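Student: For reference, this is start.cif, and it has mmCIF, C-alpha atoms and all ligand atoms.
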data_data
#
loop_
_atom_site.group_PDB
_atom_site.id
_atom_site.type_symbol
_atom_site.label_atom_id
_atom_site.label_comp_id
_atom_site.auth_asym_id
_atom_site.auth_seq_id
_atom_site.Cartn_x
_atom_site.Cartn_y
_atom_site.Cartn_z
ATOM 1 C CA MET J 257 80.016 59.522 -115.766
ATOM 2 C CA LYS J 258 81.373 57.116 -118.336
ATOM 3 C CA LEU J 259 82.745 58.528 -121.565
ATOM 4 C CA PHE J 260 83.093 56.567 -124.769
ATOM 5 C CA HIS J 261 86.537 56.946 -126.231
ATOM 6 C CA ASN J 262 85.854 57.670 -129.870
ATOM 7 C CA THR J 263 89.436 57.303 -131.033
ATOM 8 C CA ALA J 264 88.859 53.549 -130.953
ATOM 9 C CA THR J 265 88.221 52.770 -134.609
ATOM 10 C CA PRO J 266 84.505 52.056 -135.027
ATOM 11 C CA VAL J 267 83.244 49.238 -137.169
ATOM 12 C CA GLU J 268 83.304 50.203 -140.827
ATOM 13 C CA PRO J 269 79.775 51.120 -141.980
ATOM 14 C CA TYR J 270 78.529 49.112 -144.963
ATOM 15 C CA ASN J 271 78.100 52.342 -146.946
ATOM 16 C CA LEU J 272 81.455 53.920 -146.065
ATOM 17 C CA LEU J 273 82.907 56.008 -148.884
ATOM 18 C CA ILE J 274 85.828 57.775 -147.180
ATOM 19 C CA ARG J 275 87.341 57.652 -143.698
ATOM 20 C CA PHE J 276 89.406 60.515 -142.294
ATOM 21 C CA HIS J 277 90.946 60.868 -138.833
ATOM 22 C CA ASN J 278 90.868 64.089 -136.857
ATOM 23 C CA GLN J 279 93.918 65.546 -135.123
ATOM 24 C CA ILE J 280 93.834 63.015 -132.317
ATOM 25 C CA GLY J 281 92.685 59.994 -134.305
ATOM 26 C CA ALA J 282 88.890 60.031 -133.967
ATOM 27 C CA VAL J 283 87.132 58.886 -137.112
ATOM 28 C CA VAL J 284 85.356 61.213 -139.543
ATOM 29 C CA ASP J 285 83.315 59.092 -141.955
ATOM 30 C CA VAL J 286 81.740 59.994 -145.284
ATOM 31 C CA THR J 287 78.910 57.519 -145.916
ATOM 32 C CA GLY J 288 76.173 56.995 -148.474
ATOM 33 C CA THR J 289 76.529 57.085 -152.234
ATOM 34 C CA ARG J 290 78.422 59.397 -154.577
ATOM 35 C CA ASP J 291 75.266 61.445 -155.243
ATOM 36 C CA SER J 292 73.849 61.386 -151.717
ATOM 37 C CA SER J 293 76.419 61.290 -148.946
ATOM 38 C CA ARG J 294 76.846 62.708 -145.472
ATOM 39 C CA TRP J 295 79.779 63.069 -143.153
ATOM 40 C CA THR J 296 79.938 62.515 -139.397
ATOM 41 C CA CYS J 297 82.713 63.119 -136.888
ATOM 42 C CA HIS J 298 82.802 60.451 -134.184
ATOM 43 C CA GLY J 299 85.012 62.735 -132.076
ATOM 44 C CA CYS J 300 82.674 65.681 -131.594
ATOM 45 C CA GLY J 301 79.426 64.471 -133.154
ATOM 46 C CA TYR J 302 79.324 67.215 -135.762
ATOM 47 C CA GLY J 303 78.418 66.437 -139.356
ATOM 48 C CA ASP J 304 76.423 67.509 -142.339
ATOM 49 C CA GLY J 305 73.487 66.160 -144.285
ATOM 50 C CA LEU J 306 72.991 64.791 -147.720
ATOM 51 C CA GLN J 307 75.167 66.200 -150.464
ATOM 52 C CA HIS J 308 77.256 65.005 -153.400
ATOM 53 C CA VAL J 309 80.486 63.343 -152.326
ATOM 54 C CA ASP J 310 82.411 66.097 -154.127
ATOM 55 C CA SER J 311 81.066 68.469 -151.443
ATOM 56 C CA ALA J 312 81.112 66.068 -148.494
ATOM 57 C CA ARG J 313 84.731 64.997 -149.043
ATOM 58 C CA PRO J 314 86.366 68.444 -148.694
ATOM 59 C CA ALA J 315 84.022 69.397 -145.829
ATOM 60 C CA ALA J 316 84.925 66.225 -143.905
ATOM 61 C CA SER J 317 88.609 66.705 -144.689
ATOM 62 C CA ARG J 318 88.577 70.310 -143.445
ATOM 63 C CA HIS J 319 86.760 69.276 -140.288
ATOM 64 C CA ALA J 320 89.199 66.431 -139.614
ATOM 65 C CA ALA J 321 92.115 68.836 -140.011
ATOM 66 C CA GLU J 322 90.675 71.183 -137.362
ATOM 67 C CA CYS J 323 88.853 68.916 -134.886
ATOM 68 C CA ARG J 324 90.582 67.803 -131.669
ATOM 69 C CA ALA J 325 87.603 66.127 -129.982
ATOM 70 C CA ALA J 326 87.832 62.580 -128.712
ATOM 71 C CA TYR J 327 84.527 62.328 -126.867
ATOM 72 C CA HIS J 328 80.978 63.510 -127.108
ATOM 73 C CA ARG J 329 77.808 62.795 -125.197
ATOM 74 C CA LEU J 330 75.345 64.189 -127.707
ATOM 75 C CA ASP J 331 73.332 60.962 -127.770
ATOM 76 C CA ARG J 332 71.453 61.958 -124.598
HETATM 77 ZN ZN ZN W 1 84.853 66.693 -134.898
#
What does this structure look like when you write it as structure tokens?
Ligand SMILES: [Zn+2]

Tutor:
Amino acid sequence: MKLFHNTATPVEPYNLLIRFHNQIGAVVDVTGTRDSSRWTCHGCGYGDGLQHVDSARPAASRHAAECRAAYHRLDR
């Protein structure tokens, strides 16, 4: 089984608003627009749907502060 190491910095999405790093360096991105954004953790695959960036930013920041995942295989 081959695992993708998600601490390698992914290409910056065109609609990136904020980029955090979790405890081991995997990227947690907030993307979209100020009024309609979502956040996604590339370490564990968790994230949340459309919301104002004022809600997405603290949620992504809290997740990044707690998450220690480097890999996920949730794309299967
Ligand atoms: Zn995570």

Student: Between J:Asp331, J:Asp310, J:Ala326, J:Gly299, which is the closest to Ile274 (chain J) once you count all atoms listed in the file?

Tutor: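 Once distances to Ile274 (chain J) are computed over all atoms listed in the file, the minimum belongs to J:Asp310.
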
Student: Nearest to ligand ZN 1 (chain W) among J:His277, J:Arg329, J:Arg294, J:His308, with distances taken over all atoms listed in the file: which residue is it?

Tutor: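 Using all atoms listed in the file, the shortest distance to ligand ZN 1 (chain W) belongs to J:His277.
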
Student: Taking only C-alpha atoms and all ligand atoms into account, which of J:Asn278, J:Ser317, J:Thr289, J:Thr265 comes nearest ligand ZN 1 (chain W)?

Tutor: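 Counting only C-alpha atoms and all ligand atoms, the residue closest to ligand ZN 1 (chain W) is J:Asn278.
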
Student: Enumerate, in order of chain and increasing residue number, the residues of chain J with an atom no farther than 7 Å from ligand ZN 1 (chain W), each with its shortest atom pair and distance in Å to one decimal, counting only C-alpha atoms and all ligand atoms, as a tab-separated table.

Tutor:
residue	atom	partner	partner_atom	distance
J:Asn278	CA	W:ZN1	ZN	6.8
J:Cys297	CA	W:ZN1	ZN	4.6
J:His298	CA	W:ZN1	ZN	6.6
J:Gly299	CA	W:ZN1	ZN	4.9
J:Cys300	CA	W:ZN1	ZN	4.1
J:Gly301	CA	W:ZN1	ZN	6.1
J:Tyr302	CA	W:ZN1	ZN	5.6
J:His319	CA	W:ZN1	ZN	6.3
J:Ala320	CA	W:ZN1	ZN	6.4
J:Cys323	CA	W:ZN1	ZN	4.6
J:Arg324	CA	W:ZN1	ZN	6.7
J:Ala325	CA	W:ZN1	ZN	5.7

Student: Env of Gln307 (chain J): 9 Å cut, atoms = all atoms listed in the file, seq-sep filter 4 positions within chain, self excluded. Answer as JSON, numbers by chain.

Tutor: {"J": [290, 291, 292, 293, 294, 311, 312]}

Student: Residues near Leu272 (chain J), anyone? I mean within 7 Å using all atoms listed in the file, not counting same-chain ones fewer than 4 positions away, as a list in words.

Tutor: Glu268, Asp285, Val286, Thr287 and Gly288 of chain J

Student: Find the residue from J:Trp295, J:Val283, J:Leu273, J:His328 that sits nearest to Ala316 (chain J); use only C-alpha atoms when measuring.

Tutor: J:Trp295

Student: Padding 8 Å on each side, edges along x, y and z: where is the centre of the box around the listed atoms of region 279-292 of chain J, and how long are its edges in Å to one decimal? Output it as JSON.

Tutor:
{"center_x": 83.9, "center_y": 61.3, "center_z": -143.8, "size_x": 36.1, "size_y": 24.6, "size_z": 38.9}

Student: From the structure block, carefully write chain J out with C-alpha atoms; format it as an mmCIF file, in the first residue's frame.

Tutor:
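Saved to decode.cif:
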data_model
loop_
_atom_site.group_PDB
_atom_site.id
_atom_site.type_symbol
_atom_site.label_atom_id
_atom_site.label_comp_id
_atom_site.auth_asym_id
_atom_site.auth_seq_id
_atom_site.Cartn_x
_atom_site.Cartn_y
_atom_site.Cartn_z
ATOM 1 C CA MET J 257 0.000 0.000 0.000
ATOM 2 C CA LYS J 258 1.374 3.366 -1.008
ATOM 3 C CA LEU J 259 0.596 6.350 1.182
ATOM 4 C CA PHE J 260 0.727 9.936 0.020
ATOM 5 C CA HIS J 261 2.726 12.064 2.390
ATOM 6 C CA ASN J 262 0.534 15.094 2.887
ATOM 7 C CA THR J 263 3.124 17.173 4.699
ATOM 8 C CA ALA J 264 4.597 17.937 1.282
ATOM 9 C CA THR J 265 3.195 21.388 0.571
ATOM 10 C CA PRO J 266 0.486 21.032 -2.080
ATOM 11 C CA VAL J 267 0.161 23.450 -4.937
ATOM 12 C CA GLU J 268 -1.576 26.620 -3.822
ATOM 13 C CA PRO J 269 -5.224 26.568 -4.969
ATOM 14 C CA TYR J 270 -6.245 29.561 -7.085
ATOM 15 C CA ASN J 271 -8.918 30.454 -4.516
ATOM 16 C CA LEU J 272 -6.766 30.062 -1.396
ATOM 17 C CA LEU J 273 -7.679 32.507 1.361
ATOM 18 C CA ILE J 274 -5.672 31.189 4.328
ATOM 19 C CA ARG J 275 -3.186 28.357 4.804
ATOM 20 C CA PHE J 276 -2.513 26.817 8.211
ATOM 21 C CA HIS J 277 -0.254 23.886 9.097
ATOM 22 C CA ASN J 278 -1.245 21.182 11.544
ATOM 23 C CA GLN J 279 1.031 19.950 14.326
ATOM 24 C CA ILE J 280 3.239 17.977 11.975
ATOM 25 C CA GLY J 281 3.159 20.333 9.002
ATOM 26 C CA ALA J 282 0.276 19.055 6.864
ATOM 27 C CA VAL J 283 -1.642 21.844 5.180
ATOM 28 C CA VAL J 284 -5.077 23.054 6.283
ATOM 29 C CA ASP J 285 -6.464 25.345 3.578
ATOM 30 C CA VAL J 286 -9.337 27.815 3.695
ATOM 31 C CA THR J 287 -10.535 28.342 0.114
ATOM 32 C CA GLY J 288 -13.330 30.176 -1.659
ATOM 33 C CA THR J 289 -14.426 33.745 -1.086
ATOM 34 C CA ARG J 290 -14.937 35.798 2.067
ATOM 35 C CA ASP J 291 -18.691 35.089 2.022
ATOM 36 C CA SER J 292 -18.527 31.463 0.895
ATOM 37 C CA SER J 293 -15.476 29.552 2.047
ATOM 38 C CA ARG J 294 -14.627 26.051 3.178
ATOM 39 C CA TRP J 295 -11.681 24.531 4.947
ATOM 40 C CA THR J 296 -9.945 21.216 4.284
ATOM 41 C CA CYS J 297 -7.180 19.417 6.148
ATOM 42 C CA HIS J 298 -4.802 17.619 3.792
ATOM 43 C CA GLY J 299 -3.473 15.611 6.750
ATOM 44 C CA CYS J 300 -6.631 13.803 7.813
ATOM 45 C CA GLY J 301 -9.127 14.758 5.109
ATOM 46 C CA TYR J 302 -11.518 16.444 7.513
ATOM 47 C CA GLY J 303 -13.110 19.769 6.647
ATOM 48 C CA ASP J 304 -16.278 21.767 6.639
ATOM 49 C CA GLY J 305 -18.594 23.196 4.026
ATOM 50 C CA LEU J 306 -19.509 26.631 2.894
ATOM 51 C CA GLN J 307 -19.482 29.365 5.496
ATOM 52 C CA HIS J 308 -18.274 32.938 5.924
ATOM 53 C CA VAL J 309 -14.512 33.185 6.296
ATOM 54 C CA ASP J 310 -15.030 34.625 9.788
ATOM 55 C CA SER J 311 -16.337 31.164 10.766
ATOM 56 C CA ALA J 312 -14.042 29.057 8.586
ATOM 57 C CA ARG J 313 -10.847 30.758 9.791
ATOM 58 C CA PRO J 314 -11.182 29.939 13.519
ATOM 59 C CA ALA J 315 -12.492 26.432 12.753
ATOM 60 C CA ALA J 316 -9.497 25.697 10.503
ATOM 61 C CA SER J 317 -7.119 27.227 13.039
ATOM 62 C CA ARG J 318 -8.528 25.115 15.885
ATOM 63 C CA HIS J 319 -8.315 21.988 13.761
ATOM 64 C CA ALA J 320 -4.719 22.718 12.745
ATOM 65 C CA ALA J 321 -3.783 23.190 16.398
ATOM 66 C CA GLU J 322 -5.165 19.745 17.305
ATOM 67 C CA CYS J 323 -4.574 17.574 14.218
ATOM 68 C CA ARG J 324 -1.511 15.302 14.025
ATOM 69 C CA ALA J 325 -2.409 13.421 10.833
ATOM 70 C CA ALA J 326 0.015 13.225 7.947
ATOM 71 C CA TYR J 327 -1.803 10.742 5.729
ATOM 72 C CA HIS J 328 -5.278 9.765 4.717
ATOM 73 C CA ARG J 329 -6.732 7.376 2.190
ATOM 74 C CA LEU J 330 -10.264 8.731 2.145
ATOM 75 C CA ASP J 331 -10.237 9.131 -1.638
ATOM 76 C CA ARG J 332 -11.096 5.442 -2.130
#
